[in-house]
file protein-v9.txt (compact mmCIF, C-alpha atoms)
# COMPACT_ATOMS: atom_id res chain seq x y z
CA MET A 1 305.69 159.31 41.12
CA PHE A 2 308.23 161.39 39.27
CA ILE A 3 311.02 158.88 39.07
CA ASN A 4 310.26 156.09 36.66
CA SER A 5 312.05 154.40 33.81
CA ARG A 6 310.75 156.84 31.22
CA VAL A 7 312.31 159.68 33.13
CA LEU A 8 315.61 157.84 33.38
CA ASN A 9 315.61 157.17 29.63
CA ASN A 10 314.92 160.81 29.09
CA LEU A 11 317.80 161.76 31.32
CA TRP A 12 320.21 159.60 29.37
CA ARG A 13 319.11 161.09 26.13
CA GLU A 14 319.45 164.60 27.49
CA MET A 15 322.91 163.85 28.80
CA ASP A 16 324.17 162.79 25.38
CA GLY A 17 322.91 165.99 23.88
CA PHE A 18 324.42 167.87 26.76
CA ARG A 19 327.92 166.63 26.11
CA THR A 20 327.95 167.92 22.55
CA GLU A 21 326.45 171.20 23.73
CA VAL A 22 329.27 171.59 26.19
CA ASP A 23 331.83 170.96 23.49
CA ARG A 24 330.26 173.58 21.31
CA LEU A 25 329.97 176.12 24.10
CA PHE A 26 333.45 175.85 25.43
CA GLY A 27 335.22 175.04 22.21
CA ARG A 28 338.52 173.57 23.17
CA GLN A 29 338.95 170.83 25.68
CA VAL A 30 341.93 170.80 27.96
CA ALA A 31 344.32 168.14 26.67
CA GLY A 32 344.13 164.89 28.55
CA ALA A 33 341.21 165.94 30.73
CA ALA A 34 338.00 165.40 28.80
CA ALA A 35 335.82 166.02 31.87
CA VAL A 36 337.11 169.55 32.25
CA ALA A 37 335.64 172.19 29.98
CA ALA A 38 337.45 175.35 28.92
CA PRO A 39 335.52 178.61 28.70
CA ALA A 40 335.85 180.79 25.62
CA LEU A 41 337.76 184.04 26.11
CA ASN A 42 337.86 187.44 24.50
CA SER A 43 340.91 189.59 24.96
CA TRP A 44 342.14 192.94 23.79
CA GLU A 45 345.00 195.24 24.71
CA ASP A 46 346.18 198.78 24.84
CA GLU A 47 349.61 200.21 25.64
CA THR A 48 349.33 199.60 29.36
CA ALA A 49 347.32 196.40 29.83
CA PHE A 50 345.58 193.28 28.55
CA TYR A 51 341.85 192.92 29.11
CA VAL A 52 340.34 189.45 29.26
CA GLU A 53 336.64 188.58 29.47
CA ALA A 54 334.85 185.27 29.88
CA ASP A 55 331.14 184.45 30.18
CA LEU A 56 330.74 182.47 33.39
CA PRO A 57 327.04 182.83 34.30
CA GLY A 58 325.98 181.29 37.58
CA VAL A 59 329.51 180.66 38.79
CA ALA A 60 329.93 181.70 42.41
CA SER A 61 332.84 184.12 42.73
CA ASP A 62 334.31 182.04 45.57
CA LYS A 63 334.47 179.10 43.12
CA LEU A 64 336.64 181.08 40.71
CA GLU A 65 340.40 180.89 40.73
CA ILE A 66 342.62 183.15 38.68
CA THR A 67 346.39 182.79 38.66
CA VAL A 68 349.27 184.32 36.74
CA LYS A 69 352.45 182.31 36.67
CA GLU A 70 355.81 182.87 34.98
CA GLY A 71 354.78 186.40 34.14
CA ASN A 72 352.42 185.58 31.27
CA ARG A 73 350.67 182.26 31.99
CA LEU A 74 347.07 183.11 32.88
CA THR A 75 344.79 180.41 34.26
CA ILE A 76 341.06 180.78 34.91
CA SER A 77 339.42 177.83 36.61
CA GLY A 78 336.36 177.14 38.67
CA GLU A 79 333.19 175.22 39.04
CA ARG A 80 329.52 175.71 38.33
CA LYS A 81 327.32 173.72 40.64
CA PRO A 82 324.64 171.69 38.94
CA HIS A 83 321.06 172.58 39.73
CA ASP A 84 319.79 169.53 41.51
CA PRO A 85 316.33 169.86 43.00
CA THR A 86 314.73 166.79 44.47
CA ASN A 87 311.74 165.19 42.80
CA ALA A 88 312.12 167.16 39.60
CA VAL A 89 311.85 165.94 36.03
CA TRP A 90 314.38 167.37 33.59
CA HIS A 91 312.89 168.49 30.30
CA ARG A 92 315.96 170.22 28.94
CA GLN A 93 319.52 170.41 30.13
CA GLU A 94 321.67 172.63 27.99
CA ARG A 95 323.52 174.61 30.61
CA PHE A 96 327.01 173.58 31.58
CA ALA A 97 327.67 172.18 35.03
CA GLY A 98 330.94 170.99 36.51
CA THR A 99 334.52 172.15 36.62
CA PHE A 100 336.28 174.22 33.98
CA SER A 101 339.79 175.44 33.38
CA ARG A 102 341.47 177.51 30.75
CA GLU A 103 345.05 178.57 30.35
CA VAL A 104 346.38 181.17 27.95
CA LEU A 105 349.83 182.58 27.33
CA LEU A 106 349.84 186.36 27.10
CA PRO A 107 352.17 187.81 24.44
CA VAL A 108 354.15 189.79 27.03
CA PRO A 109 354.61 189.51 30.83
CA VAL A 110 352.13 191.24 33.14
CA ASP A 111 352.42 192.58 36.65
CA ALA A 112 350.77 189.72 38.56
CA GLU A 113 350.49 191.81 41.74
CA LYS A 114 348.31 194.40 40.02
CA VAL A 115 345.84 192.17 38.21
CA ASP A 116 342.27 193.36 38.74
CA ALA A 117 339.39 190.88 38.54
CA ARG A 118 335.74 191.85 38.47
CA PHE A 119 332.74 189.61 38.14
CA GLU A 120 329.69 191.45 36.82
CA HIS A 121 326.39 189.91 35.67
CA GLY A 122 328.07 186.56 35.14
CA VAL A 123 330.97 188.00 33.13
CA LEU A 124 334.53 187.80 34.44
CA LYS A 125 336.55 190.90 33.54
CA LEU A 126 340.29 190.91 34.06
CA THR A 127 342.68 193.81 33.71
CA LEU A 128 346.30 192.68 33.54
CA PRO A 129 348.76 195.59 33.53
CA LYS A 130 351.76 194.94 31.32
CA SER A 131 354.99 194.77 33.25
CA GLU A 132 357.05 197.95 33.12
CA ALA A 133 359.68 196.34 30.93
CA ALA A 134 357.08 195.31 28.35
CA ARG A 135 355.42 198.70 27.92
CA PRO A 136 356.17 200.78 24.88
CA ARG A 137 358.49 203.68 25.53
CA LYS A 138 359.08 206.86 23.79
CA ILE A 139 362.79 207.19 23.22
CA ALA A 140 364.22 210.64 23.38
CA VAL A 141 366.60 211.24 20.54
CA LYS A 142 369.66 213.15 21.56
CA THR A 143 371.03 215.70 19.26
CA ALA A 144 374.66 216.53 18.93
CA MET B 1 304.85 162.63 27.85
CA ALA B 2 307.44 164.78 29.51
CA ASP B 3 308.64 166.07 26.16
CA GLN B 4 305.34 167.72 25.37
CA LEU B 5 305.25 169.98 28.39
CA ILE B 6 307.07 172.75 26.63
CA LYS B 7 307.66 173.40 22.95
CA GLU B 8 310.19 175.71 21.45
CA GLN B 9 308.76 178.54 19.36
CA GLU B 10 310.59 179.54 16.24
CA SER B 11 310.23 183.25 16.09
CA GLY B 12 311.04 185.52 13.24
CA GLU B 13 310.23 188.66 15.18
CA ASN B 14 313.51 190.28 15.81
CA GLY B 15 313.64 193.93 15.05
CA GLU B 16 316.79 194.61 16.99
CA ALA B 17 320.06 195.15 15.21
CA GLY B 18 323.11 193.13 16.07
CA VAL B 19 323.83 189.49 16.76
CA VAL B 20 321.09 187.55 18.56
CA ALA B 21 321.87 184.30 20.33
CA ARG B 22 319.67 181.58 21.75
CA PRO B 23 320.43 181.40 25.46
CA ARG B 24 321.08 177.95 26.91
CA VAL B 25 318.32 176.75 29.16
CA ASP B 26 317.53 174.11 31.72
CA ILE B 27 313.87 173.23 32.18
CA LEU B 28 312.68 171.26 35.15
CA GLU B 29 309.29 170.26 36.42
CA THR B 30 308.15 169.51 39.92
CA GLU B 31 304.65 168.77 41.15
CA GLN B 32 304.16 172.47 41.93
CA GLU B 33 305.92 174.32 39.18
CA ILE B 34 307.89 174.49 35.97
CA LEU B 35 311.32 175.96 36.46
CA LEU B 36 313.33 177.52 33.65
CA LEU B 37 316.94 178.64 34.01
CA ALA B 38 318.60 180.59 31.21
CA ASP B 39 322.20 181.76 30.88
CA LEU B 40 322.19 185.47 30.08
CA PRO B 41 325.74 186.57 30.87
CA GLY B 42 326.35 190.29 30.57
CA VAL B 43 322.67 191.24 30.83
CA ARG B 44 321.62 193.68 33.54
CA GLN B 45 318.30 193.48 35.32
CA GLU B 46 316.90 196.50 33.47
CA ASP B 47 317.80 194.93 30.12
CA VAL B 48 315.88 191.69 30.46
CA ASP B 49 312.31 191.24 29.30
CA VAL B 50 310.26 188.18 30.23
CA ARG B 51 306.73 187.85 28.86
CA PHE B 52 303.99 185.31 29.14
CA GLU B 53 301.22 185.69 26.61
CA ASN B 54 298.69 183.19 25.28
CA GLY B 55 300.65 180.30 26.72
CA GLU B 56 303.93 181.49 25.25
CA LEU B 57 306.91 182.40 27.38
CA SER B 58 309.45 184.65 25.74
CA ILE B 59 312.80 185.80 27.03
CA HIS B 60 314.67 188.72 25.64
CA GLY B 61 317.93 190.13 26.94
CA ARG B 62 319.91 193.10 25.70
CA ARG B 63 323.63 192.97 26.11
CA VAL B 64 325.45 196.26 25.99
CA PRO B 65 328.15 195.93 23.36
CA ALA B 66 331.63 196.53 24.72
CA ASN B 67 335.16 196.45 23.42
CA ILE B 68 334.26 197.87 20.04
CA GLY B 69 337.24 199.22 18.16
CA LYS B 70 339.78 197.72 20.56
CA LYS B 71 342.95 196.01 19.52
CA ARG B 72 341.89 192.38 19.85
CA THR B 73 344.40 189.78 20.90
CA LEU B 74 341.99 186.83 21.17
CA TRP B 75 338.36 186.71 20.06
CA GLU B 76 336.51 183.44 20.59
CA TYR B 77 332.91 184.51 20.97
CA GLU B 78 330.71 187.38 19.89
CA PRO B 79 328.77 188.99 22.75
CA ALA B 80 325.14 189.05 21.59
CA HIS B 81 321.60 189.91 22.54
CA TYR B 82 319.50 186.95 23.61
CA HIS B 83 316.11 185.75 22.51
CA ARG B 84 314.19 182.53 22.98
CA ALA B 85 310.55 181.55 23.25
CA PHE B 86 308.63 178.49 24.40
CA ARG B 87 305.04 177.37 24.24
CA LEU B 88 303.80 175.78 27.43
CA MET B 89 301.54 172.81 26.96
CA GLU B 90 300.34 172.86 30.52
CA ASP B 91 298.23 175.43 32.37
CA VAL B 92 300.25 177.73 34.57
CA ALA B 93 299.10 180.39 37.01
CA ALA B 94 300.13 183.37 34.87
CA ASP B 95 299.61 185.89 37.68
CA ARG B 96 302.08 184.07 39.93
CA ILE B 97 304.97 183.70 37.48
CA ASP B 98 308.16 184.89 39.11
CA ALA B 99 311.47 185.81 37.45
CA GLU B 100 314.85 186.66 38.92
CA LEU B 101 318.15 187.59 37.26
CA LYS B 102 321.21 186.90 39.31
CA ASN B 103 324.83 186.57 38.30
CA GLY B 104 323.92 186.25 34.63
CA VAL B 105 321.35 183.49 35.19
CA LEU B 106 317.63 184.09 34.71
CA THR B 107 315.35 181.90 36.82
CA VAL B 108 311.68 181.80 35.85
CA ARG B 109 309.24 179.97 38.10
CA LEU B 110 305.91 179.10 36.55
CA PRO B 111 303.53 177.72 39.17
CA LYS B 112 301.13 175.15 37.80
CA ALA B 113 297.48 176.08 37.68
CA GLU B 114 295.44 174.29 40.31
CA ALA B 115 293.75 172.13 37.69
CA ALA B 116 297.08 170.91 36.33
CA LYS B 117 298.58 169.78 39.64
CA PRO B 118 298.61 166.06 40.31
CA ARG B 119 296.10 164.94 42.88
CA LYS B 120 295.78 161.90 44.97
CA ILE B 121 292.25 160.64 44.65
CA ASN B 122 290.75 159.12 47.70
CA VAL B 123 289.05 155.84 46.96
CA LYS B 124 286.00 155.39 49.03
CA GLY B 125 285.13 152.01 50.42
CA GLU B 126 281.88 150.64 51.63
call {"tool": "encode", "arguments": {"input": "protein-v9.txt", "output": "structure tokens"}}
result
Amino acid sequence: MFINSRVLNNLWREMDGFRTEVDRLFGRQVAGAAAVAAPALNSWEDETAFYVEADLPGVASDKLEITVKEGNRLTISGERKPHDPTNAVWHRQERFAGTFSREVLLPVPVDAEKVDARFEHGVLKLTLPKSEAARPRKIAVKTA
Amino acid sequence: MADQLIKEQESGENGEAGVVARPRVDILETEQEILLLADLPGVRQEDVDVRFENGELSIHGRRVPANIGKKRTLWEYEPAHYHRAFRLMEDVAADRIDAELKNGVLTVRLPKAEAAKPRKINVKGE
């Protein structure tokens, strides 16, 4: 038999370790929702767009939701299904499972209609074009 | 003891330049096999190396560095290469080990050697 009290004890111990691992992995928790983890983000910009990346290995793309509200409020949320085979003993459980959500405010508004999202090898890659009004402009100086 | 099935190997061998991270793993055991899942986001199939040698399973993943020299607005993690190794305390059928990388998750299936599988022993009566 695979399910016995030793296994259950083991599971509890693993779970405790797991919680701290999750905290470390995802850094910040969403305020008031301890059960929801927030993925870490990297972001950079050029004159025309912001680029945002997040490591989301094993997340199904149909479980990912990306929204831009109020011009600059970007939200990335989704779920990673836990691996749950029957009659298996867990020896280690370090990988995150469950729902996650992260919201960031971009420094300037973006064109929400033109946001491009790609999901490659477990990495989400967003391109968020800056709205026309927010792009730098070269001003022609008139001479008299 | 379940804990003794697999032992982590501290390895100093690491010739590659750049940041190296320990990938997060799940390890499960069924009657037939040992199953290892590792998060390797950003690693392509041709950049992952899985080896099994003298009872030691090692995982190595190269992540192509991106975004170097860009104007960063937020930087919360450093994309890194991955390396981790384990010593298996149970006999596995080395020739039937199977590995798959999908969506940034590496799945390694290590079938147990025949001798290591649990067996129901028939008790003969008179």
call {"tool": "residues_around", "arguments": {"input": "protein-v9.txt", "residues": "Glu53 (chain A)", "least_positions_apart": "2", "cutoff": "12 Å", "atoms": "all atoms listed in the file", "output": "ChimeraX atom specification"}}
result
/A:39-45,50-51,55-56,76,116-120,122-128 /B:41-42,66-67,72-79
call {"tool": "closest_residue", "arguments": {"input": "protein-v9.txt", "among": "B:Arg51, B:Arg44, B:Arg84, B:Arg62", "to": "Gln9 (chain B)", "atoms": "all atoms listed in the file"}}
result
B:Arg84
call {"tool": "closest_residue", "arguments": {"input": "protein-v9.txt", "among": "B:Glu126, B:Asp47, B:Glu8, B:Glu31", "to": "Leu110 (chain B)", "atoms": "only C-alpha atoms"}}
result
B:Glu31
call {"tool": "interface_residues", "arguments": {"input": "protein-v9.txt", "of": "chain B", "to": "chain A", "cutoff": "10 Å", "atoms": "all atoms listed in the file", "output": "PyMOL selection string"}}
result
chain B and resi 1-6+23-45+67+69-79+101-106+118
call {"tool": "atom_distance", "arguments": {"input": "protein-v9.txt", "atom1": "CA of Val92 (chain B)", "atom2": "CA of Ala21 (chain B)"}}
result
26.7 Å
call {"tool": "decode", "arguments": {"input": "protein-v9.txt", "residues": "region 61-109 of chain B", "atoms": "N, CA and C atoms", "output": "PDB file, in the first residue's frame"}}
result
ATOM      1  N   GLY B  61      20.402  22.777 -17.984  1.00  0.00           N
ATOM      2  CA  GLY B  61      19.661  23.535 -18.991  1.00  0.00           C
ATOM      3  C   GLY B  61      20.337  24.866 -19.255  1.00  0.00           C
ATOM      4  N   ARG B  62      20.498  25.179 -20.531  1.00  0.00           N
ATOM      5  CA  ARG B  62      21.096  26.467 -20.890  1.00  0.00           C
ATOM      6  C   ARG B  62      19.992  27.427 -21.272  1.00  0.00           C
ATOM      7  N   ARG B  63      20.047  28.580 -20.690  1.00  0.00           N
ATOM      8  CA  ARG B  63      19.045  29.586 -21.035  1.00  0.00           C
ATOM      9  C   ARG B  63      19.739  30.695 -21.799  1.00  0.00           C
ATOM     10  N   VAL B  64      19.228  30.976 -22.968  1.00  0.00           N
ATOM     11  CA  VAL B  64      19.854  32.009 -23.798  1.00  0.00           C
ATOM     12  C   VAL B  64      19.604  33.370 -23.157  1.00  0.00           C
ATOM     13  N   PRO B  65      20.656  34.076 -22.822  1.00  0.00           N
ATOM     14  CA  PRO B  65      20.460  35.368 -22.169  1.00  0.00           C
ATOM     15  C   PRO B  65      19.792  36.352 -23.128  1.00  0.00           C
ATOM     16  N   ALA B  66      18.826  37.079 -22.603  1.00  0.00           N
ATOM     17  CA  ALA B  66      18.133  38.071 -23.426  1.00  0.00           C
ATOM     18  C   ALA B  66      18.141  39.403 -22.682  1.00  0.00           C
ATOM     19  N   ASN B  67      17.723  40.411 -23.344  1.00  0.00           N
ATOM     20  CA  ASN B  67      17.467  41.714 -22.717  1.00  0.00           C
ATOM     21  C   ASN B  67      18.725  42.370 -22.155  1.00  0.00           C
ATOM     22  N   ILE B  68      19.881  41.942 -22.652  1.00  0.00           N
ATOM     23  CA  ILE B  68      21.111  42.558 -22.155  1.00  0.00           C
ATOM     24  C   ILE B  68      21.237  43.961 -22.744  1.00  0.00           C
ATOM     25  N   GLY B  69      21.597  44.893 -21.895  1.00  0.00           N
ATOM     26  CA  GLY B  69      21.808  46.266 -22.347  1.00  0.00           C
ATOM     27  C   GLY B  69      20.535  47.052 -22.602  1.00  0.00           C
ATOM     28  N   LYS B  70      19.395  46.514 -22.174  1.00  0.00           N
ATOM     29  CA  LYS B  70      18.136  47.237 -22.362  1.00  0.00           C
ATOM     30  C   LYS B  70      17.893  48.190 -21.196  1.00  0.00           C
ATOM     31  N   LYS B  71      17.016  49.131 -21.435  1.00  0.00           N
ATOM     32  CA  LYS B  71      16.673  50.081 -20.388  1.00  0.00           C
ATOM     33  C   LYS B  71      15.623  49.442 -19.479  1.00  0.00           C
ATOM     34  N   ARG B  72      16.089  48.928 -18.337  1.00  0.00           N
ATOM     35  CA  ARG B  72      15.207  48.174 -17.455  1.00  0.00           C
ATOM     36  C   ARG B  72      14.253  49.084 -16.696  1.00  0.00           C
ATOM     37  N   THR B  73      12.999  48.639 -16.615  1.00  0.00           N
ATOM     38  CA  THR B  73      12.045  49.396 -15.819  1.00  0.00           C
ATOM     39  C   THR B  73      11.703  48.638 -14.539  1.00  0.00           C
ATOM     40  N   LEU B  74      11.848  47.311 -14.584  1.00  0.00           N
ATOM     41  CA  LEU B  74      11.549  46.478 -13.416  1.00  0.00           C
ATOM     42  C   LEU B  74      12.387  45.218 -13.583  1.00  0.00           C
ATOM     43  N   TRP B  75      13.123  44.827 -12.546  1.00  0.00           N
ATOM     44  CA  TRP B  75      13.984  43.652 -12.697  1.00  0.00           C
ATOM     45  C   TRP B  75      13.926  42.835 -11.420  1.00  0.00           C
ATOM     46  N   GLU B  76      13.133  41.787 -11.408  1.00  0.00           N
ATOM     47  CA  GLU B  76      12.888  41.043 -10.165  1.00  0.00           C
ATOM     48  C   GLU B  76      13.553  39.673 -10.129  1.00  0.00           C
ATOM     49  N   TYR B  77      14.021  39.203 -11.267  1.00  0.00           N
ATOM     50  CA  TYR B  77      14.733  37.925 -11.235  1.00  0.00           C
ATOM     51  C   TYR B  77      15.797  37.934 -12.324  1.00  0.00           C
ATOM     52  N   GLU B  78      16.812  37.124 -12.131  1.00  0.00           N
ATOM     53  CA  GLU B  78      17.897  37.052 -13.095  1.00  0.00           C
ATOM     54  C   GLU B  78      17.768  35.747 -13.870  1.00  0.00           C
ATOM     55  N   PRO B  79      17.451  35.810 -15.164  1.00  0.00           N
ATOM     56  CA  PRO B  79      17.379  34.570 -15.941  1.00  0.00           C
ATOM     57  C   PRO B  79      18.726  33.845 -15.872  1.00  0.00           C
ATOM     58  N   ALA B  80      18.694  32.533 -15.604  1.00  0.00           N
ATOM     59  CA  ALA B  80      19.928  31.809 -15.341  1.00  0.00           C
ATOM     60  C   ALA B  80      19.933  30.454 -16.035  1.00  0.00           C
ATOM     61  N   HIS B  81      21.121  29.872 -16.136  1.00  0.00           N
ATOM     62  CA  HIS B  81      21.219  28.473 -16.535  1.00  0.00           C
ATOM     63  C   HIS B  81      20.771  27.632 -15.347  1.00  0.00           C
ATOM     64  N   TYR B  82      20.463  26.371 -15.628  1.00  0.00           N
ATOM     65  CA  TYR B  82      19.972  25.511 -14.553  1.00  0.00           C
ATOM     66  C   TYR B  82      20.874  24.293 -14.397  1.00  0.00           C
ATOM     67  N   HIS B  83      21.075  23.896 -13.153  1.00  0.00           N
ATOM     68  CA  HIS B  83      21.786  22.646 -12.914  1.00  0.00           C
ATOM     69  C   HIS B  83      21.337  22.037 -11.596  1.00  0.00           C
ATOM     70  N   ARG B  84      21.120  20.727 -11.630  1.00  0.00           N
ATOM     71  CA  ARG B  84      20.782  20.015 -10.393  1.00  0.00           C
ATOM     72  C   ARG B  84      21.056  18.538 -10.603  1.00  0.00           C
ATOM     73  N   ALA B  85      21.471  17.864  -9.543  1.00  0.00           N
ATOM     74  CA  ALA B  85      21.774  16.435  -9.659  1.00  0.00           C
ATOM     75  C   ALA B  85      21.258  15.676  -8.451  1.00  0.00           C
ATOM     76  N   PHE B  86      20.867  14.429  -8.695  1.00  0.00           N
ATOM     77  CA  PHE B  86      20.338  13.578  -7.631  1.00  0.00           C
ATOM     78  C   PHE B  86      20.968  12.198  -7.728  1.00  0.00           C
ATOM     79  N   ARG B  87      21.138  11.585  -6.565  1.00  0.00           N
ATOM     80  CA  ARG B  87      21.558  10.185  -6.553  1.00  0.00           C
ATOM     81  C   ARG B  87      20.347   9.329  -6.228  1.00  0.00           C
ATOM     82  N   LEU B  88      20.112   8.337  -7.070  1.00  0.00           N
ATOM     83  CA  LEU B  88      18.963   7.458  -6.860  1.00  0.00           C
ATOM     84  C   LEU B  88      19.381   6.267  -6.023  1.00  0.00           C
ATOM     85  N   MET B  89      18.603   6.016  -4.968  1.00  0.00           N
ATOM     86  CA  MET B  89      18.949   4.949  -4.052  1.00  0.00           C
ATOM     87  C   MET B  89      18.227   3.653  -4.428  1.00  0.00           C
ATOM     88  N   GLU B  90      17.542   3.690  -5.534  1.00  0.00           N
ATOM     89  CA  GLU B  90      16.821   2.503  -5.951  1.00  0.00           C
ATOM     90  C   GLU B  90      17.220   2.183  -7.388  1.00  0.00           C
ATOM     91  N   ASP B  91      17.198   0.879  -7.724  1.00  0.00           N
ATOM     92  CA  ASP B  91      17.592   0.486  -9.084  1.00  0.00           C
ATOM     93  C   ASP B  91      16.542   0.915 -10.100  1.00  0.00           C
ATOM     94  N   VAL B  92      16.997   1.600 -11.140  1.00  0.00           N
ATOM     95  CA  VAL B  92      16.087   1.948 -12.221  1.00  0.00           C
ATOM     96  C   VAL B  92      16.591   1.316 -13.518  1.00  0.00           C
ATOM     97  N   ALA B  93      15.645   1.140 -14.451  1.00  0.00           N
ATOM     98  CA  ALA B  93      16.016   0.571 -15.746  1.00  0.00           C
ATOM     99  C   ALA B  93      16.576   1.695 -16.603  1.00  0.00           C
ATOM    100  N   ALA B  94      17.906   1.851 -16.555  1.00  0.00           N
ATOM    101  CA  ALA B  94      18.567   3.010 -17.177  1.00  0.00           C
ATOM    102  C   ALA B  94      18.243   3.128 -18.669  1.00  0.00           C
ATOM    103  N   ASP B  95      18.090   1.989 -19.345  1.00  0.00           N
ATOM    104  CA  ASP B  95      17.858   2.030 -20.790  1.00  0.00           C
ATOM    105  C   ASP B  95      16.427   2.454 -21.136  1.00  0.00           C
ATOM    106  N   ARG B  96      15.561   2.538 -20.146  1.00  0.00           N
ATOM    107  CA  ARG B  96      14.180   2.931 -20.441  1.00  0.00           C
ATOM    108  C   ARG B  96      13.827   4.295 -19.852  1.00  0.00           C
ATOM    109  N   ILE B  97      14.821   5.037 -19.414  1.00  0.00           N
ATOM    110  CA  ILE B  97      14.547   6.381 -18.877  1.00  0.00           C
ATOM    111  C   ILE B  97      14.072   7.275 -20.026  1.00  0.00           C
ATOM    112  N   ASP B  98      13.057   8.056 -19.740  1.00  0.00           N
ATOM    113  CA  ASP B  98      12.430   8.855 -20.783  1.00  0.00           C
ATOM    114  C   ASP B  98      12.326  10.308 -20.288  1.00  0.00           C
ATOM    115  N   ALA B  99      12.686  11.255 -21.142  1.00  0.00           N
ATOM    116  CA  ALA B  99      12.612  12.661 -20.731  1.00  0.00           C
ATOM    117  C   ALA B  99      11.914  13.488 -21.794  1.00  0.00           C
ATOM    118  N   GLU B 100      11.113  14.442 -21.333  1.00  0.00           N
ATOM    119  CA  GLU B 100      10.363  15.297 -22.264  1.00  0.00           C
ATOM    120  C   GLU B 100      10.366  16.724 -21.726  1.00  0.00           C
ATOM    121  N   LEU B 101      10.599  17.685 -22.620  1.00  0.00           N
ATOM    122  CA  LEU B 101      10.560  19.093 -22.218  1.00  0.00           C
ATOM    123  C   LEU B 101       9.396  19.756 -22.939  1.00  0.00           C
ATOM    124  N   LYS B 102       8.478  20.281 -22.145  1.00  0.00           N
ATOM    125  CA  LYS B 102       7.289  20.864 -22.740  1.00  0.00           C
ATOM    126  C   LYS B 102       6.888  22.100 -21.944  1.00  0.00           C
ATOM    127  N   ASN B 103       6.764  23.207 -22.629  1.00  0.00           N
ATOM    128  CA  ASN B 103       6.258  24.404 -21.967  1.00  0.00           C
ATOM    129  C   ASN B 103       7.106  24.812 -20.754  1.00  0.00           C
ATOM    130  N   GLY B 104       8.411  24.577 -20.856  1.00  0.00           N
ATOM    131  CA  GLY B 104       9.304  24.964 -19.764  1.00  0.00           C
ATOM    132  C   GLY B 104       9.346  23.998 -18.596  1.00  0.00           C
ATOM    133  N   VAL B 105       8.718  22.835 -18.746  1.00  0.00           N
ATOM    134  CA  VAL B 105       8.748  21.825 -17.682  1.00  0.00           C
ATOM    135  C   VAL B 105       9.389  20.549 -18.219  1.00  0.00           C
ATOM    136  N   LEU B 106      10.423  20.087 -17.533  1.00  0.00           N
ATOM    137  CA  LEU B 106      11.083  18.836 -17.902  1.00  0.00           C
ATOM    138  C   LEU B 106      10.458  17.697 -17.088  1.00  0.00           C
ATOM    139  N   THR B 107      10.038  16.656 -17.785  1.00  0.00           N
ATOM    140  CA  THR B 107       9.486  15.474 -17.116  1.00  0.00           C
ATOM    141  C   THR B 107      10.420  14.307 -17.380  1.00  0.00           C
ATOM    142  N   VAL B 108      10.971  13.729 -16.330  1.00  0.00           N
ATOM    143  CA  VAL B 108      11.846  12.564 -16.479  1.00  0.00           C
ATOM    144  C   VAL B 108      11.159  11.372 -15.820  1.00  0.00           C
ATOM    145  N   ARG B 109      10.996  10.311 -16.601  1.00  0.00           N
ATOM    146  CA  ARG B 109      10.390   9.081 -16.074  1.00  0.00           C
ATOM    147  C   ARG B 109      11.476   8.028 -15.940  1.00  0.00           C
TER     148      ARG B 109
END
